$ cat model.tsv   # TSV, C-alpha atoms
chain	number	residue	atom	x	y	z
W	698	MET	CA	-16.24	12.71	-17.02
W	699	SER	CA	-12.93	11.46	-18.41
W	700	LEU	CA	-10.28	13.95	-19.51
W	701	GLN	CA	-8.33	12.85	-22.62
W	702	LEU	CA	-4.77	13.84	-23.47
W	703	GLU	CA	-3.31	12.70	-26.79
W	704	THR	CA	-0.14	10.60	-26.69
W	705	ILE	CA	1.79	9.37	-29.72
W	706	SER	CA	-0.54	6.45	-30.45
W	707	HIS	CA	-3.15	6.43	-27.68
W	708	SER	CA	-5.40	8.74	-25.75
W	709	LEU	CA	-4.30	9.02	-22.14
W	710	VAL	CA	-7.58	9.18	-20.24
W	711	GLU	CA	-7.91	10.62	-16.74
W	712	LEU	CA	-10.67	8.80	-14.89
W	713	SER	CA	-12.93	10.74	-12.57
W	714	PRO	CA	-13.52	9.40	-9.04
W	715	ASN	CA	-16.97	8.22	-10.15
W	716	GLU	CA	-15.29	6.06	-12.79
W	717	TRP	CA	-13.04	4.51	-10.16
W	718	LYS	CA	-16.15	2.64	-9.04
W	719	ILE	CA	-16.24	0.89	-12.44
W	720	LEU	CA	-12.64	-0.16	-11.85
W	721	LEU	CA	-13.59	-1.40	-8.41
W	722	ASP	CA	-16.24	-3.68	-9.89
W	723	LEU	CA	-13.72	-5.03	-12.42
W	724	TYR	CA	-11.39	-5.94	-9.57
W	725	SER	CA	-14.04	-7.55	-7.38
W	726	THR	CA	-12.30	-10.92	-7.80
W	727	LYS	CA	-8.83	-9.43	-7.12
W	728	ARG	CA	-9.26	-8.81	-3.41
W	729	THR	CA	-5.93	-10.32	-2.35
W	730	GLU	CA	-3.76	-8.59	-4.98
W	731	SER	CA	-1.65	-5.76	-3.62
W	732	THR	CA	-2.88	-3.19	-6.16
W	733	GLY	CA	-6.33	-4.65	-6.74
W	734	TYR	CA	-9.69	-4.20	-5.09
W	735	ASN	CA	-8.46	-2.97	-1.71
W	736	LEU	CA	-6.28	-0.24	-3.20
W	737	ILE	CA	-9.06	1.17	-5.39
W	738	SER	CA	-11.60	0.93	-2.56
W	739	ASN	CA	-9.21	2.70	-0.22
W	740	PHE	CA	-8.70	5.67	-2.54
W	741	ILE	CA	-12.42	5.95	-3.30
W	742	LYS	CA	-12.97	6.40	0.44
W	743	TRP	CA	-10.07	8.84	0.78
W	744	ILE	CA	-11.20	11.11	-2.05
W	745	ALA	CA	-14.80	11.07	-0.80
W	746	ARG	CA	-13.56	12.22	2.60
W	747	ASN	CA	-11.23	14.85	1.17
W	748	PRO	CA	-11.73	15.77	-2.53
W	749	LYS	CA	-8.62	17.99	-2.41
W	750	LEU	CA	-6.27	15.01	-2.12
W	751	ASN	CA	-3.88	14.80	-5.06
W	752	ILE	CA	-4.91	11.40	-6.44
W	753	LYS	CA	-5.05	10.97	-10.22
W	754	CYS	CA	-6.12	7.85	-12.11
W	755	PHE	CA	-5.21	7.27	-15.77
W	756	ALA	CA	-5.97	4.70	-18.46
W	757	LEU	CA	-5.55	4.32	-22.23
W	758	ASP	CA	-8.58	4.98	-24.44
W	759	ASP	CA	-11.72	3.09	-23.37
W	760	GLY	CA	-10.07	-0.32	-23.15
W	761	TRP	CA	-9.81	0.01	-19.38
W	762	LYS	CA	-13.52	-0.79	-19.09
W	763	LYS	CA	-12.71	-4.33	-20.23
W	764	ASP	CA	-9.12	-5.01	-19.20
W	765	GLY	CA	-9.00	-2.84	-16.07
W	766	THR	CA	-5.60	-1.40	-16.97
W	767	PHE	CA	-4.89	1.70	-14.87
W	768	ILE	CA	-2.26	3.70	-13.05
W	769	MET	CA	-2.86	5.92	-10.03
W	770	ILE	CA	-0.43	8.75	-9.37
W	771	VAL	CA	-0.62	9.95	-5.79
W	772	ASP	CA	1.23	12.84	-4.19
W	773	HIS	CA	1.60	11.88	-0.54
W	774	GLY	CA	3.77	14.88	0.24
W	775	GLY	CA	7.14	13.20	-0.27
W	776	VAL	CA	9.89	13.87	-2.79
W	777	GLN	CA	8.51	11.24	-5.16
W	778	LYS	CA	4.93	10.50	-6.15
W	779	ASN	CA	3.65	6.98	-5.62
W	780	VAL	CA	2.58	5.07	-8.72
W	781	TYR	CA	0.07	2.24	-8.26
W	782	PHE	CA	-0.95	0.13	-11.26
W	783	ASN	CA	-2.61	-3.09	-12.36
W	784	THR	CA	-4.47	-4.90	-15.14
W	785	ILE	CA	-6.84	-7.85	-15.03
W	786	THR	CA	-5.41	-9.38	-18.21
W	787	GLU	CA	-2.33	-11.58	-18.51
W	788	ASN	CA	-1.19	-9.53	-21.52
W	789	LEU	CA	0.80	-6.61	-20.10
W	790	ASP	CA	1.18	-4.64	-23.34
W	791	HIS	CA	-1.45	-2.02	-22.45
W	792	LEU	CA	0.01	-1.59	-18.98
W	793	ILE	CA	3.51	-1.09	-20.40
W	794	LYS	CA	2.18	1.46	-22.91
W	795	LEU	CA	0.32	3.22	-20.12
W	796	LEU	CA	3.43	3.48	-17.97
W	797	PHE	CA	5.39	4.79	-20.95
W	798	SER	CA	2.63	7.23	-21.96
W	799	TYR	CA	2.45	8.89	-18.57
W	800	THR	CA	6.08	8.91	-17.47
W	801	THR	CA	8.81	10.78	-19.30
W	802	ASP	CA	11.31	10.64	-16.45
W	803	ALA	CA	11.68	7.98	-13.77
W	804	LYS	CA	13.04	10.25	-11.04
W	805	PRO	CA	9.75	11.65	-9.70
W	806	TYR	CA	8.11	8.27	-9.14
W	807	LEU	CA	8.09	5.36	-6.71
W	808	LEU	CA	6.49	2.26	-8.25
W	809	TYR	CA	4.58	1.10	-5.20
W	810	GLY	CA	3.65	-2.38	-4.07
W	811	TYR	CA	3.17	-4.24	-7.36
W	812	GLY	CA	2.78	-8.01	-7.53
W	813	GLU	CA	4.95	-10.66	-9.17
W	814	ARG	CA	2.58	-10.93	-12.15
W	815	LEU	CA	3.25	-7.28	-13.06
W	816	LYS	CA	7.03	-7.45	-12.75
W	817	PRO	CA	7.66	-7.83	-16.53
W	818	ALA	CA	5.97	-4.46	-17.08
W	819	VAL	CA	8.34	-2.86	-14.59
W	820	ASP	CA	11.31	-4.62	-16.18
W	821	ALA	CA	10.34	-2.91	-19.46
W	822	TYR	CA	10.00	0.40	-17.60
W	823	ILE	CA	13.45	-0.01	-16.05
W	824	LYS	CA	14.93	-0.85	-19.45
W	825	LYS	CA	13.41	2.31	-20.91
W	826	TYR	CA	15.07	4.42	-18.24
W	827	ASP	CA	18.31	2.45	-18.21
W	828	GLN	CA	20.24	5.67	-17.70
W	829	GLU	CA	18.69	5.88	-14.23
W	830	ARG	CA	19.93	3.78	-11.34
W	831	MET	CA	16.95	2.03	-9.80
W	832	GLU	CA	16.53	-0.02	-6.69
W	833	THR	CA	13.86	-2.67	-6.18
W	834	ALA	CA	12.88	-4.03	-2.76
W	835	GLN	CA	11.15	-7.40	-2.56
W	836	THR	CA	8.62	-8.36	0.09
W	837	ALA	CA	6.67	-11.50	0.85
W	838	TRP	CA	2.92	-10.84	0.55
W	839	TYR	CA	0.99	-12.55	3.34
W	840	ARG	CA	-2.70	-13.22	3.88
W	841	ALA	CA	-4.66	-14.34	6.93
W	842	THR	CA	-8.10	-15.84	6.36
W	843	LYS	CA	-11.08	-14.55	8.32
W	844	GLU	CA	-11.15	-17.90	10.14
W	845	ILE	CA	-7.57	-17.42	11.30
W	846	VAL	CA	-8.18	-13.80	12.32
W	847	ALA	CA	-11.22	-14.87	14.34
W	848	THR	CA	-8.89	-16.87	16.61
W	849	PHE	CA	-6.64	-13.89	17.42
W	850	SER	CA	-6.56	-12.72	21.03
W	851	ILE	CA	-6.11	-8.97	21.47
W	852	GLU	CA	-5.93	-8.56	25.24
W	853	PRO	CA	-2.95	-6.28	26.05
W	854	PRO	CA	-0.47	-7.02	28.86
W	855	ALA	CA	-0.85	-5.29	32.21
W	856	ASP	CA	-0.01	-1.57	32.13
W	857	ILE	CA	-0.40	-1.45	28.32
W	858	THR	CA	-3.31	0.36	26.68
W	859	LEU	CA	-4.31	0.29	23.02
W	860	ARG	CA	-5.72	3.21	21.03
W	861	LYS	CA	-6.09	4.53	17.51
W	862	LEU	CA	-3.17	6.64	16.37
W	863	GLU	CA	-3.60	10.41	16.18
W	864	ILE	CA	-2.03	13.03	13.92
W	865	GLY	CA	0.20	14.06	16.80
W	866	ASP	CA	1.78	10.59	16.70
W	867	ALA	CA	3.00	10.99	13.11
W	868	GLU	CA	6.42	12.41	14.00
W	869	THR	CA	7.06	9.57	16.46
W	870	VAL	CA	6.05	6.95	13.89
W	871	ASN	CA	8.09	8.54	11.12
W	872	GLU	CA	11.17	9.04	13.28
W	873	ILE	CA	12.02	5.33	13.55
W	874	TRP	CA	10.48	4.17	10.26
W	875	PRO	CA	13.34	2.50	8.35
W	876	HIS	CA	12.00	3.86	5.04
W	877	ARG	CA	11.50	7.45	6.15
W	878	ALA	CA	12.58	10.13	3.71
W	879	GLU	CA	12.08	13.82	3.10
W	880	GLY	CA	8.37	14.52	3.43
W	881	SER	CA	7.47	10.98	4.51
W	882	VAL	CA	5.83	12.27	7.68
W	883	GLU	CA	3.05	13.64	5.45
W	884	PHE	CA	2.45	10.11	4.15
W	885	VAL	CA	2.21	8.88	7.74
W	886	LYS	CA	-0.31	11.61	8.53
W	887	LEU	CA	-2.48	10.58	5.57
W	888	LEU	CA	-2.50	6.98	6.75
W	889	ILE	CA	-3.47	8.01	10.28
W	890	GLU	CA	-6.19	10.38	9.03
W	891	ASN	CA	-7.78	8.01	6.55
W	892	ASN	CA	-7.22	4.42	7.69
W	893	VAL	CA	-7.61	2.29	10.79
W	894	SER	CA	-4.51	2.00	12.98
W	895	VAL	CA	-3.41	0.92	16.43
W	896	GLY	CA	-0.89	2.13	18.96
W	897	ALA	CA	0.23	0.66	22.28
W	898	CYS	CA	1.04	2.98	25.19
W	899	ASP	CA	2.81	2.26	28.46
W	900	LYS	CA	1.46	3.23	31.88
W	901	ASN	CA	2.77	6.77	31.36
W	902	GLY	CA	0.88	7.15	28.10
W	903	THR	CA	4.04	6.96	25.98
W	904	LEU	CA	3.60	5.39	22.56
W	905	ILE	CA	5.77	2.25	22.38
W	906	ALA	CA	4.41	0.21	19.45
W	907	TRP	CA	2.11	0.69	16.46
W	908	CYS	CA	0.81	-0.63	13.19
W	909	LEU	CA	-0.83	1.30	10.35
W	910	ARG	CA	-2.78	0.39	7.24
W	911	LEU	CA	-1.14	1.15	3.89
W	912	PRO	CA	-2.94	2.48	0.79
W	913	LEU	CA	-2.80	-1.13	-0.46
W	914	GLY	CA	-5.21	-1.99	2.34
W	915	SER	CA	-2.54	-4.08	4.04
W	916	LEU	CA	-0.81	-3.83	7.39
W	917	GLY	CA	2.29	-1.65	7.35
W	918	LEU	CA	4.77	0.45	9.32
W	919	LEU	CA	4.78	-2.11	12.13
W	920	GLN	CA	7.24	-0.93	14.77
W	921	VAL	CA	8.10	-1.50	18.42
W	922	VAL	CA	10.46	0.91	20.17
W	923	ALA	CA	13.81	-0.55	21.19
W	924	THR	CA	13.06	-0.45	24.92
W	925	HIS	CA	10.02	-2.72	24.55
W	926	LYS	CA	11.10	-5.32	22.01
W	927	ARG	CA	10.70	-9.06	22.66
W	928	LEU	CA	7.56	-8.51	24.73
W	929	GLY	CA	5.16	-9.72	22.06
W	930	LEU	CA	3.92	-6.23	21.22
W	931	GLY	CA	4.61	-6.61	17.50
W	932	SER	CA	2.40	-9.69	17.38
W	933	LEU	CA	-0.28	-7.90	19.40
W	934	MET	CA	-0.28	-4.96	16.96
W	935	VAL	CA	-0.71	-7.36	14.03
W	936	ARG	CA	-3.50	-9.30	15.73
W	937	TYR	CA	-5.39	-6.19	16.80
W	938	LEU	CA	-5.26	-4.39	13.46
W	939	SER	CA	-6.08	-7.61	11.62
W	940	LYS	CA	-9.26	-7.83	13.69
W	941	LYS	CA	-10.16	-4.23	12.85
W	942	ILE	CA	-9.70	-4.82	9.12
W	943	ALA	CA	-11.65	-8.09	9.23
W	944	GLU	CA	-14.50	-6.26	10.98
W	945	LEU	CA	-14.72	-4.06	7.88
W	946	GLY	CA	-15.28	-7.20	5.82
W	947	GLU	CA	-11.96	-6.75	4.04
W	948	GLU	CA	-8.96	-8.98	3.37
W	949	VAL	CA	-6.16	-9.08	5.94
W	950	LEU	CA	-2.86	-8.74	4.08
W	951	SER	CA	0.68	-7.68	4.83
W	952	PRO	CA	4.02	-7.22	3.07
W	953	VAL	CA	7.10	-8.40	4.97
W	954	VAL	CA	10.63	-7.74	3.74
W	955	THR	CA	11.81	-11.04	2.26
W	956	GLU	CA	15.06	-11.06	4.24
W	957	ASN	CA	13.36	-10.21	7.55
W	958	THR	CA	13.26	-13.77	8.85
W	959	PRO	CA	12.09	-12.94	12.42
W	960	SER	CA	9.08	-10.97	11.15
W	961	ARG	CA	8.20	-13.65	8.63
W	962	ARG	CA	8.31	-16.29	11.36
W	963	MET	CA	6.01	-14.18	13.51
W	964	PHE	CA	3.44	-13.80	10.74
W	965	GLU	CA	3.60	-17.48	9.86
W	966	LYS	CA	3.25	-18.48	13.51
W	967	LEU	CA	0.04	-16.44	13.61
W	968	GLY	CA	-1.28	-18.36	10.62
W	969	PHE	CA	-0.55	-15.95	7.78
W	970	GLU	CA	0.33	-17.62	4.47
W	971	LYS	CA	2.53	-16.20	1.73
W	972	ILE	CA	0.53	-15.78	-1.49
W	973	ASP	CA	2.76	-13.56	-3.64
W	974	ASN	CA	5.89	-11.45	-3.91
W	975	VAL	CA	5.33	-7.70	-3.90
W	976	TYR	CA	7.88	-5.11	-5.02
W	977	TRP	CA	8.77	-1.44	-4.65
W	978	THR	CA	10.97	0.21	-7.31
W	979	VAL	CA	12.51	3.63	-6.85
W	980	PRO	CA	15.22	5.62	-8.66
W	981	ILE	CA	18.34	6.23	-6.61
W	982	VAL	CA	18.54	10.00	-6.49
$ encode --input "model.tsv" --output "structure tokens"
Amino acid sequence: MSLQLETISHSLVELSPNEWKILLDLYSTKRTESTGYNLISNFIKWIARNPKLNIKCFALDDGWKKDGTFIMIVDHGGVQKNVYFNTITENLDHLIKLLFSYTTDAKPYLLYGYGERLKPAVDAYIKKYDQERMETAQTAWYRATKEIVATFSIEPPADITLRKLEIGDAETVNEIWPHRAEGSVEFVKLLIENNVSVGACDKNGTLIAWCLRLPLGSLGLLQVVATHKRLGLGSLMVRYLSKKIAELGEEVLSPVVTENTPSRRMFEKLGFEKIDNVYWTVPIV
């Protein structure tokens, strides 16, 4: 049952996990959007597996049942909570009001993985908190069709074995993650616990490359240790995890930092196509 909190002009409604399924149906045609179907589906599975996870979903009044406007506030254990949001309408007024209704201070929140279409809502958010210094990172949002993924080979080189990541790998993954921060290892642990992943180990069993699946449902945290770069392991990680996601009947997607030309070339060589720009906005603390 929804919990309502009065705001100045709207009721801020907290949606129960059962109501997330209504949202999921509304986004059934938004399977390639970064904060669309895959995101909602992912968190439905997470909360079913562990009801104690700190995942809250909010909307305004009952309009969400038609326009699908929502925000999800998720505490992944880091300094800032992740904010995921979307709407199925082109009019962003309700989304802007929702962002304003929930947030009274920008510092505690990372606006996570939103698409180009939603950028005007974030521009309004940034303007509201113009006293805060904010930083926005842009990524290219790539998609591989199931036909492309079906062509991927996933045979590892000699002396390399592939396995699912384990909780004990979280420190290793976090240690060389370029976007690590205080508490980010807890985020890595959640990804390993709840989503598919892949790691490559050398003949001694040492982890040398990996790729995880983000809450967006996309590939993420792709890394190869310095001693094993230029051996094609990054491409192998992408191909392998893409296969695993496709086997689930879900879209294969990935953000790549816009300026990271080598990574973009690798994805495009594999047959991924850019379909959007996706952004992350965070206050500079």
$ closest_residue --input "model.tsv" --among "W:Thr800, W:Ser939, W:Thr732, W:Thr978" --to "W:Ile845" --atoms "all atoms listed in the file"
W:Ser939
$ residues_around --input "model.tsv" --residues "stretch 889-901 of chain W" --least-positions-apart "2" --cutoff "8 Å" --atoms "only C-alpha atoms" --output "PyMOL selection string"
chain W and resi 743+856-864+867+885-887+903-911+930+934+937-938+941-942
$ axis_aligned_box --input "model.tsv" --around "stretch 907-926 of chain W" --padding-each-side "3 Å" --output "AutoDock Vina command-line options"
--center_x 4.3 --center_y -1.4 --center_z 12.2 --size_x 25.0 --size_y 13.8 --size_z 31.4
$ atom_distance --input "model.tsv" --atom1 "atom CA of W:Lys971" --atom2 "atom CA of W:Ala841"
9.1 Å
$ residues_around --input "model.tsv" --residues "W:Asn715" --least-positions-apart "6" --cutoff "12 Å" --atoms "only C-alpha atoms" --output "list in words"
Met698, Ser699, Leu721, Asp722, Ile737, Ser738, Phe740, Ile741, Lys742, Ile744, Ala745, Pro748 and Cys754 of chain W
$ atom_distance --input "model.tsv" --atom1 "atom CA of W:Ala943" --atom2 "atom CA of W:Phe767"
26.9 Å
$ residues_around --input "model.tsv" --residues "W:Asn783" --least-positions-apart "3" --cutoff "9 Å" --atoms "only C-alpha atoms" --output "number ranges by chain"
W: 732-733, 765-768, 792, 811-812, 815
$ residues_around --input "model.tsv" --residues "W:Trp977" --least-positions-apart "3" --cutoff "9 Å" --atoms "only C-alpha atoms" --output "mmCIF file with C-alpha atoms, in the coordinates of the input"
data_model
loop_
_atom_site.group_PDB
_atom_site.id
_atom_site.type_symbol
_atom_site.label_atom_id
_atom_site.label_comp_id
_atom_site.auth_asym_id
_atom_site.auth_seq_id
_atom_site.Cartn_x
_atom_site.Cartn_y
_atom_site.Cartn_z
ATOM 1 C CA LEU W 807 8.090 5.360 -6.710
ATOM 2 C CA LEU W 808 6.490 2.260 -8.250
ATOM 3 C CA TYR W 809 4.580 1.100 -5.200
ATOM 4 C CA GLY W 810 3.650 -2.380 -4.070
ATOM 5 C CA TYR W 811 3.170 -4.240 -7.360
ATOM 6 C CA GLU W 832 16.530 -0.020 -6.690
ATOM 7 C CA THR W 833 13.860 -2.670 -6.180
ATOM 8 C CA ALA W 834 12.880 -4.030 -2.760
ATOM 9 C CA GLN W 835 11.150 -7.400 -2.560
ATOM 10 C CA THR W 836 8.620 -8.360 0.090
#
$ closest_residue --input "model.tsv" --among "W:Ser951, W:Thr784, W:Asn974, W:Gln920" --to "W:Leu720" --atoms "only C-alpha atoms"
W:Thr784
$ decode --input "model.tsv" --residues "stretch 875-968 of chain W" --atoms "C-alpha atoms" --output "mmCIF file, in the first residue's frame"
data_model
loop_
_atom_site.group_PDB
_atom_site.id
_atom_site.type_symbol
_atom_site.label_atom_id
_atom_site.label_comp_id
_atom_site.auth_asym_id
_atom_site.auth_seq_id
_atom_site.Cartn_x
_atom_site.Cartn_y
_atom_site.Cartn_z
ATOM 1 C CA PRO W 875 38.334 4.789 -11.439
ATOM 2 C CA HIS W 876 35.090 5.950 -9.777
ATOM 3 C CA ARG W 877 35.698 4.374 -6.380
ATOM 4 C CA ALA W 878 34.839 6.491 -3.363
ATOM 5 C CA GLU W 879 34.222 6.089 0.330
ATOM 6 C CA GLY W 880 31.884 3.140 0.769
ATOM 7 C CA SER W 881 31.870 2.196 -2.924
ATOM 8 C CA VAL W 882 33.037 -1.324 -2.120
ATOM 9 C CA GLU W 883 29.559 -1.930 -0.655
ATOM 10 C CA PHE W 884 28.054 -1.013 -4.030
ATOM 11 C CA VAL W 885 30.383 -3.509 -5.702
ATOM 12 C CA LYS W 886 29.307 -6.196 -3.232
ATOM 13 C CA LEU W 887 25.636 -5.563 -4.028
ATOM 14 C CA LEU W 888 26.298 -5.939 -7.743
ATOM 15 C CA ILE W 889 28.176 -9.197 -7.204
ATOM 16 C CA GLU W 890 25.488 -10.570 -4.864
ATOM 17 C CA ASN W 891 22.504 -9.689 -7.005
ATOM 18 C CA ASN W 892 23.543 -9.617 -10.668
ATOM 19 C CA VAL W 893 25.379 -11.773 -13.171
ATOM 20 C CA SER W 894 29.097 -11.050 -13.544
ATOM 21 C CA VAL W 895 32.275 -12.515 -14.967
ATOM 22 C CA GLY W 896 35.902 -12.622 -13.916
ATOM 23 C CA ALA W 897 38.985 -13.942 -15.707
ATOM 24 C CA CYS W 898 41.727 -15.671 -13.717
ATOM 25 C CA ASP W 899 45.271 -16.579 -14.723
ATOM 26 C CA LYS W 900 46.796 -20.026 -14.253
ATOM 27 C CA ASN W 901 47.511 -19.183 -10.602
ATOM 28 C CA GLY W 902 43.877 -18.317 -9.946
ATOM 29 C CA THR W 903 44.572 -14.589 -9.692
ATOM 30 C CA LEU W 904 41.754 -12.332 -10.863
ATOM 31 C CA ILE W 905 43.008 -10.275 -13.819
ATOM 32 C CA ALA W 906 39.875 -8.953 -15.571
ATOM 33 C CA TRP W 907 36.163 -8.583 -14.866
ATOM 34 C CA CYS W 908 32.862 -7.075 -15.862
ATOM 35 C CA LEU W 909 29.780 -6.523 -13.703
ATOM 36 C CA ARG W 910 26.153 -5.644 -14.345
ATOM 37 C CA LEU W 911 24.952 -2.263 -13.090
ATOM 38 C CA PRO W 912 21.540 -1.565 -11.508
ATOM 39 C CA LEU W 913 20.589 -0.139 -14.923
ATOM 40 C CA GLY W 914 20.855 -3.685 -16.259
ATOM 41 C CA SER W 915 23.842 -2.696 -18.377
ATOM 42 C CA LEU W 916 27.447 -3.814 -18.428
ATOM 43 C CA GLY W 917 29.690 -1.857 -16.082
ATOM 44 C CA LEU W 918 32.928 -1.717 -14.089
ATOM 45 C CA LEU W 919 34.816 -3.332 -16.966
ATOM 46 C CA GLN W 920 38.477 -3.563 -15.973
ATOM 47 C CA VAL W 921 41.651 -5.406 -16.931
ATOM 48 C CA VAL W 922 44.657 -5.235 -14.604
ATOM 49 C CA ALA W 923 47.667 -3.371 -15.986
ATOM 50 C CA THR W 924 49.801 -6.504 -16.382
ATOM 51 C CA HIS W 925 47.307 -8.118 -18.758
ATOM 52 C CA LYS W 926 46.133 -5.266 -20.964
ATOM 53 C CA ARG W 927 46.154 -5.530 -24.775
ATOM 54 C CA LEU W 928 45.454 -9.266 -24.665
ATOM 55 C CA GLY W 929 41.811 -8.974 -25.679
ATOM 56 C CA LEU W 930 40.506 -9.713 -22.191
ATOM 57 C CA GLY W 931 38.317 -6.603 -22.086
ATOM 58 C CA SER W 932 36.547 -7.697 -25.249
ATOM 59 C CA LEU W 933 36.193 -11.229 -23.873
ATOM 60 C CA MET W 934 34.585 -9.911 -20.675
ATOM 61 C CA VAL W 935 32.088 -7.886 -22.720
ATOM 62 C CA ARG W 936 31.254 -10.804 -25.009
ATOM 63 C CA TYR W 937 30.839 -13.287 -22.168
ATOM 64 C CA LEU W 938 28.629 -11.108 -19.973
ATOM 65 C CA SER W 939 26.598 -10.011 -22.993
ATOM 66 C CA LYS W 940 25.835 -13.681 -23.643
ATOM 67 C CA LYS W 941 24.768 -14.191 -20.028
ATOM 68 C CA ILE W 942 22.409 -11.210 -20.143
ATOM 69 C CA ALA W 943 20.978 -12.262 -23.509
ATOM 70 C CA GLU W 944 20.306 -15.732 -22.076
ATOM 71 C CA LEU W 945 18.048 -14.018 -19.531
ATOM 72 C CA GLY W 946 16.040 -12.598 -22.427
ATOM 73 C CA GLU W 947 17.121 -9.059 -21.577
ATOM 74 C CA GLU W 948 18.644 -6.177 -23.525
ATOM 75 C CA VAL W 949 22.436 -5.958 -23.773
ATOM 76 C CA LEU W 950 23.438 -2.365 -23.018
ATOM 77 C CA SER W 951 26.500 -0.497 -21.851
ATOM 78 C CA PRO W 952 27.601 3.038 -20.988
ATOM 79 C CA VAL W 953 31.061 4.059 -22.202
ATOM 80 C CA VAL W 954 32.686 7.336 -21.197
ATOM 81 C CA THR W 955 32.313 9.616 -24.215
ATOM 82 C CA GLU W 956 35.993 10.562 -24.287
ATOM 83 C CA ASN W 957 37.197 6.957 -23.939
ATOM 84 C CA THR W 958 37.899 6.433 -27.627
ATOM 85 C CA PRO W 959 39.659 3.030 -27.305
ATOM 86 C CA SER W 960 36.736 1.515 -25.377
ATOM 87 C CA ARG W 961 34.200 2.975 -27.779
ATOM 88 C CA ARG W 962 36.104 1.501 -30.715
ATOM 89 C CA MET W 963 36.118 -1.896 -29.023
ATOM 90 C CA PHE W 964 32.357 -1.853 -28.459
ATOM 91 C CA GLU W 965 31.681 -0.663 -31.996
ATOM 92 C CA LYS W 966 33.992 -3.315 -33.445
ATOM 93 C CA LEU W 967 31.905 -5.926 -31.622
ATOM 94 C CA GLY W 968 28.760 -4.549 -33.249
#
